[in-house]
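Accompanying notes for the structure given below.
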Amino acid sequence: MGLEEKLQALERIYALYAQYTSKLPVACRKYCAHCCTCNVTMTSLEAINIFQSLSENERSVLRGTLTPQLGNKRYLPEITLNRMASLCANGEDPPEEAIDPNWGRCPLLEHMACPIYGVRPFGCRCLLSTRDCGETGYAVIDDYTVTVNYVFSQFIEHLDQNGVTGNLTDVLLSIDTAEGANTRLANPTAPGCHLIDNQPIPMLLIPPEHQKKIIPTVNALHSIITAS
């Protein structure tokens, strides 16, 4: 599957997830940015999707906004979700990772709104709550939706298995736009960026109680990433 086909598949995955969330009693709304922290992760394919939606000037502004963030604390994942699934399959424990929402808001936020909302990565799309986080101090999400989020994340990583994952800041700054509108895969040697290789799906992180219910979703996702 070529890059354009992968981008089209990514959009279909996003659309499938939107169908799922449209049935949930979600409290999230515009200017509700409690979950919009500097700790969001994304894949290189999602970064390319974002860059292709921007003008050259908008790309330059984005880079100028993000570059200073490389010196700030932010979540730097050590393993991807599919790698964690491999560890679980082998009975191994995943590494401990430091993450703190108090490290700051997403550097892209403008007046508490997202300027790239239409092409935001899945790490943002799955930040849902059935209660206003401003009232509760935390997100409220049911266990089945957590499982759905894991499965969608695993398929997105699998789709971009030749790419990388990292913090939103790191991945967006690693995208090569030297050829103008033709963005290319992330450069894992980008100065100051912490990136990790994506992995294919070894097994899906689905607890026994959700396995029957999620079959149609898994089948739909599988159809998307195997379509030629």
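Please note that chains go A, B, ... in the order of the structure tokens, that every chain numbers its residues from 1, and that ligands are numbered from 1 in the order shown.
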
(message) Excluding Gln199 of chain A and its own-chain neighbours fewer than 3 positions away, which residues fall within 7 Å of it when counting only C-alpha atoms? Please give them as a PyMOL selection string.
(response) chain A and resi 82-83+157-158+161

Output C-alpha atoms for every residue in the selection just made, as an mmCIF file, in the first residue's frame.
```cif
data_model
loop_
_atom_site.group_PDB
_atom_site.id
_atom_site.type_symbol
_atom_site.label_atom_id
_atom_site.label_comp_id
_atom_site.auth_asym_id
_atom_site.auth_seq_id
_atom_site.Cartn_x
_atom_site.Cartn_y
_atom_site.Cartn_z
ATOM 1 C CA ASN A 82 1.763 -2.906 19.507
ATOM 2 C CA ARG A 83 5.132 -3.421 21.151
ATOM 3 C CA GLU A 157 0.097 1.837 14.152
ATOM 4 C CA HIS A 158 -0.100 -1.310 12.009
ATOM 5 C CA GLN A 161 4.292 0.008 10.593
#
```

At a cut-off of 12 Å, using only C-alpha atoms, what residues contact segment 208-216 of chain A? Leave out same-chain residues fewer than 3 positions from it and give the result as a PDB file with C-alpha atoms, in the first residue's frame.
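The resulting file, around.pdb, is reproduced below:
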```
ATOM      1  CA  LEU A  16     -15.340   4.588  11.460  1.00  0.00           C
ATOM      2  CA  TYR A  20     -18.773   4.839  17.055  1.00  0.00           C
ATOM      3  CA  ASP A 142     -16.481   3.331  30.063  1.00  0.00           C
ATOM      4  CA  ASP A 143     -14.324   0.201  29.911  1.00  0.00           C
ATOM      5  CA  TYR A 144     -15.578  -0.898  26.495  1.00  0.00           C
ATOM      6  CA  THR A 145     -14.647   2.440  24.913  1.00  0.00           C
ATOM      7  CA  VAL A 146     -11.166   2.109  26.406  1.00  0.00           C
ATOM      8  CA  THR A 147     -10.876  -1.241  24.618  1.00  0.00           C
ATOM      9  CA  VAL A 148     -12.167   0.279  21.373  1.00  0.00           C
ATOM     10  CA  ASN A 149      -9.551   3.019  21.662  1.00  0.00           C
ATOM     11  CA  TYR A 150      -6.769   0.475  22.114  1.00  0.00           C
ATOM     12  CA  VAL A 151      -7.896  -1.496  19.067  1.00  0.00           C
ATOM     13  CA  PHE A 152      -8.144   1.565  16.827  1.00  0.00           C
ATOM     14  CA  LEU A 204      -5.216  -7.237  19.936  1.00  0.00           C
ATOM     15  CA  LEU A 205      -5.550  -5.923  23.481  1.00  0.00           C
ATOM     16  CA  ASN A 219     -13.603  -6.830  10.963  1.00  0.00           C
ATOM     17  CA  ALA A 220     -14.278  -3.330   9.642  1.00  0.00           C
ATOM     18  CA  LEU A 221     -10.793  -2.150  10.607  1.00  0.00           C
ATOM     19  CA  HIS A 222      -9.203  -5.215   9.050  1.00  0.00           C
ATOM     20  CA  SER A 223     -11.092  -4.572   5.816  1.00  0.00           C
TER      21      SER A 223
END
```

(message) Just want the 6 Å neighbourhood of segment 163-168 of chain A, counted on only C-alpha atoms, with same-chain residues fewer than 2 positions away dropped. Output as number ranges by chain.
(response) A: 40-44, 76, 160-161, 170-171, 195-198

(request) Go ahead and compute the interatomic distance for atom CA of Leu128 of chain A and atom CA of Ser153 of chain A, in Å to one decimal. (result) 14.4 Å

(message) I'd like to know which of A:Cys38, A:Cys126, A:Ile48, A:Val61 is closest to Tyr75 of chain A, using only C-alpha atoms.
(response)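 Comparing A:Cys38, A:Cys126, A:Ile48, A:Val61 against Tyr75 of chain A, the winner is A:Cys38.
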
(message) When you look at segment 3-11 of chain A with a cut-off of 8 Å (counting only C-alpha atoms), what residues show up, excluding the ones that are within fewer than 5 positions of it in the same chain? I need them as an MDAnalysis selection string.
(response) chainID A and resid 45:46 49 156 159:160 224:225 228

Expected file: the selected residues, N, CA and C atoms, as a short mmCIF file (atom, residue, chain, number, x, y, z; two decimals), in the first residue's frame:
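As a result, selection_31.cif now contains:
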```
data_model
loop_
_atom_site.label_atom_id
_atom_site.label_comp_id
_atom_site.auth_asym_id
_atom_site.auth_seq_id
_atom_site.Cartn_x
_atom_site.Cartn_y
_atom_site.Cartn_z
N LEU A 45 2.44 8.78 10.00
CA LEU A 45 1.42 8.87 8.96
C LEU A 45 0.40 9.95 9.30
N GLU A 46 0.04 10.05 10.57
CA GLU A 46 -0.89 11.09 11.00
C GLU A 46 -0.27 12.48 10.86
N ASN A 49 -0.50 13.45 7.30
CA ASN A 49 -1.88 13.83 7.02
C ASN A 49 -2.13 15.28 7.43
N ILE A 156 -4.04 1.67 13.60
CA ILE A 156 -3.38 2.85 13.02
C ILE A 156 -1.87 2.65 13.02
N LEU A 159 -1.02 0.16 10.31
CA LEU A 159 -1.09 0.79 8.99
C LEU A 159 0.19 1.55 8.69
N ASP A 160 0.82 2.12 9.72
CA ASP A 160 2.04 2.91 9.57
C ASP A 160 3.25 2.14 10.13
N ILE A 224 -10.38 -2.28 6.13
CA ILE A 224 -9.80 -1.00 5.71
C ILE A 224 -8.32 -1.14 5.41
N ILE A 225 -7.57 -1.79 6.30
CA ILE A 225 -6.11 -1.83 6.11
C ILE A 225 -5.67 -2.89 5.12
N SER A 228 -6.95 -2.91 -1.20
CA SER A 228 -5.89 -2.48 -2.13
C SER A 228 -6.29 -1.19 -2.81
#
```

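Using only C-alpha atoms, the shortest contact distance between Val218 of chain A and any of A:Cys88, A:Ala98, A:Leu109, A:Ile206 is found at A:Ile206.
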
(request) Could you give me, as number ranges by chain, each residue of segment 37-192 of chain A that DSSP assigns to strand (DSSP E or B) when run on this structure's backbone? (result) A: 37, 41-43, 105, 110, 113, 164-167, 176, 184

(request) Measure the distance from atom CA of Pro25 of chain A to atom CA of Thr217 of chain A in Å and round it to one decimal. (result)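 Going from atom CA of Pro25 of chain A over to atom CA of Thr217 of chain A, I get 19.2 Å.
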
(request) Taking the chain letters and numbering used in this document, name the residues of segment 30-73 of chain A that DSSP puts in alpha helix (DSSP H), as a list of chain:residue names. (result) A:Ser44, A:Leu45, A:Glu46, A:Ala47, A:Ile48, A:Asn49, A:Ile50, A:Phe51, A:Glu56, A:Asn57, A:Glu58, A:Arg59, A:Ser60, A:Val61, A:Leu62, A:Arg63, A:Gly64, A:Thr65, A:Leu66

What would the file look like if the residues just selected were written as a PDB file, in the first residue's frame with C-alpha atoms?
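Final file, selection_32.pdb:
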```pdb
ATOM      1  CA  SER A  44       4.259   9.676  11.369  1.00  0.00           C
ATOM      2  CA  LEU A  45       1.415   8.875   8.956  1.00  0.00           C
ATOM      3  CA  GLU A  46      -0.890  11.092  10.996  1.00  0.00           C
ATOM      4  CA  ALA A  47       1.710  13.861  10.932  1.00  0.00           C
ATOM      5  CA  ILE A  48       1.911  13.619   7.145  1.00  0.00           C
ATOM      6  CA  ASN A  49      -1.877  13.834   7.024  1.00  0.00           C
ATOM      7  CA  ILE A  50      -1.722  17.050   9.037  1.00  0.00           C
ATOM      8  CA  PHE A  51       1.058  18.609   6.975  1.00  0.00           C
ATOM      9  CA  GLU A  56       3.582  26.311   3.316  1.00  0.00           C
ATOM     10  CA  ASN A  57       3.154  29.348   5.559  1.00  0.00           C
ATOM     11  CA  GLU A  58       1.034  27.380   8.030  1.00  0.00           C
ATOM     12  CA  ARG A  59       3.706  24.678   8.142  1.00  0.00           C
ATOM     13  CA  SER A  60       6.340  27.287   8.902  1.00  0.00           C
ATOM     14  CA  VAL A  61       4.223  28.763  11.699  1.00  0.00           C
ATOM     15  CA  LEU A  62       3.629  25.295  13.145  1.00  0.00           C
ATOM     16  CA  ARG A  63       7.348  24.547  13.180  1.00  0.00           C
ATOM     17  CA  GLY A  64       8.060  27.880  14.850  1.00  0.00           C
ATOM     18  CA  THR A  65       5.475  27.102  17.515  1.00  0.00           C
ATOM     19  CA  LEU A  66       6.722  23.586  18.214  1.00  0.00           C
TER      20      LEU A  66
END
```

(request) Measuring atom to atom with only C-alpha atoms, identify which of A:Met112, A:Gly2, A:Arg120, A:Asn90 is nearest to Pro202 of chain A. (result) A:Asn90

(request) Using only C-alpha atoms, pick whichever of A:Val119, A:Cys124, A:Leu81, A:Val26 has the shortest atom-to-atom distance to Phe155 of chain A. (result)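 Among the listed residues, A:Leu81 lies closest to Phe155 of chain A.
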
(message) Between atom CA of Thr21 of chain A and atom CA of Arg125 of chain A, what distance in Å does the model show, to one decimal?
(response)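 Atom CA of Arg125 of chain A lies 9.4 Å from atom CA of Thr21 of chain A.
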
(request) Find, counting only C-alpha atoms, the residue in A:Leu70, A:Ala227, A:Cys36, A:Leu127 that gets nearest to His194 of chain A. (result)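 The answer is A:Leu70, which sits nearest to His194 of chain A.
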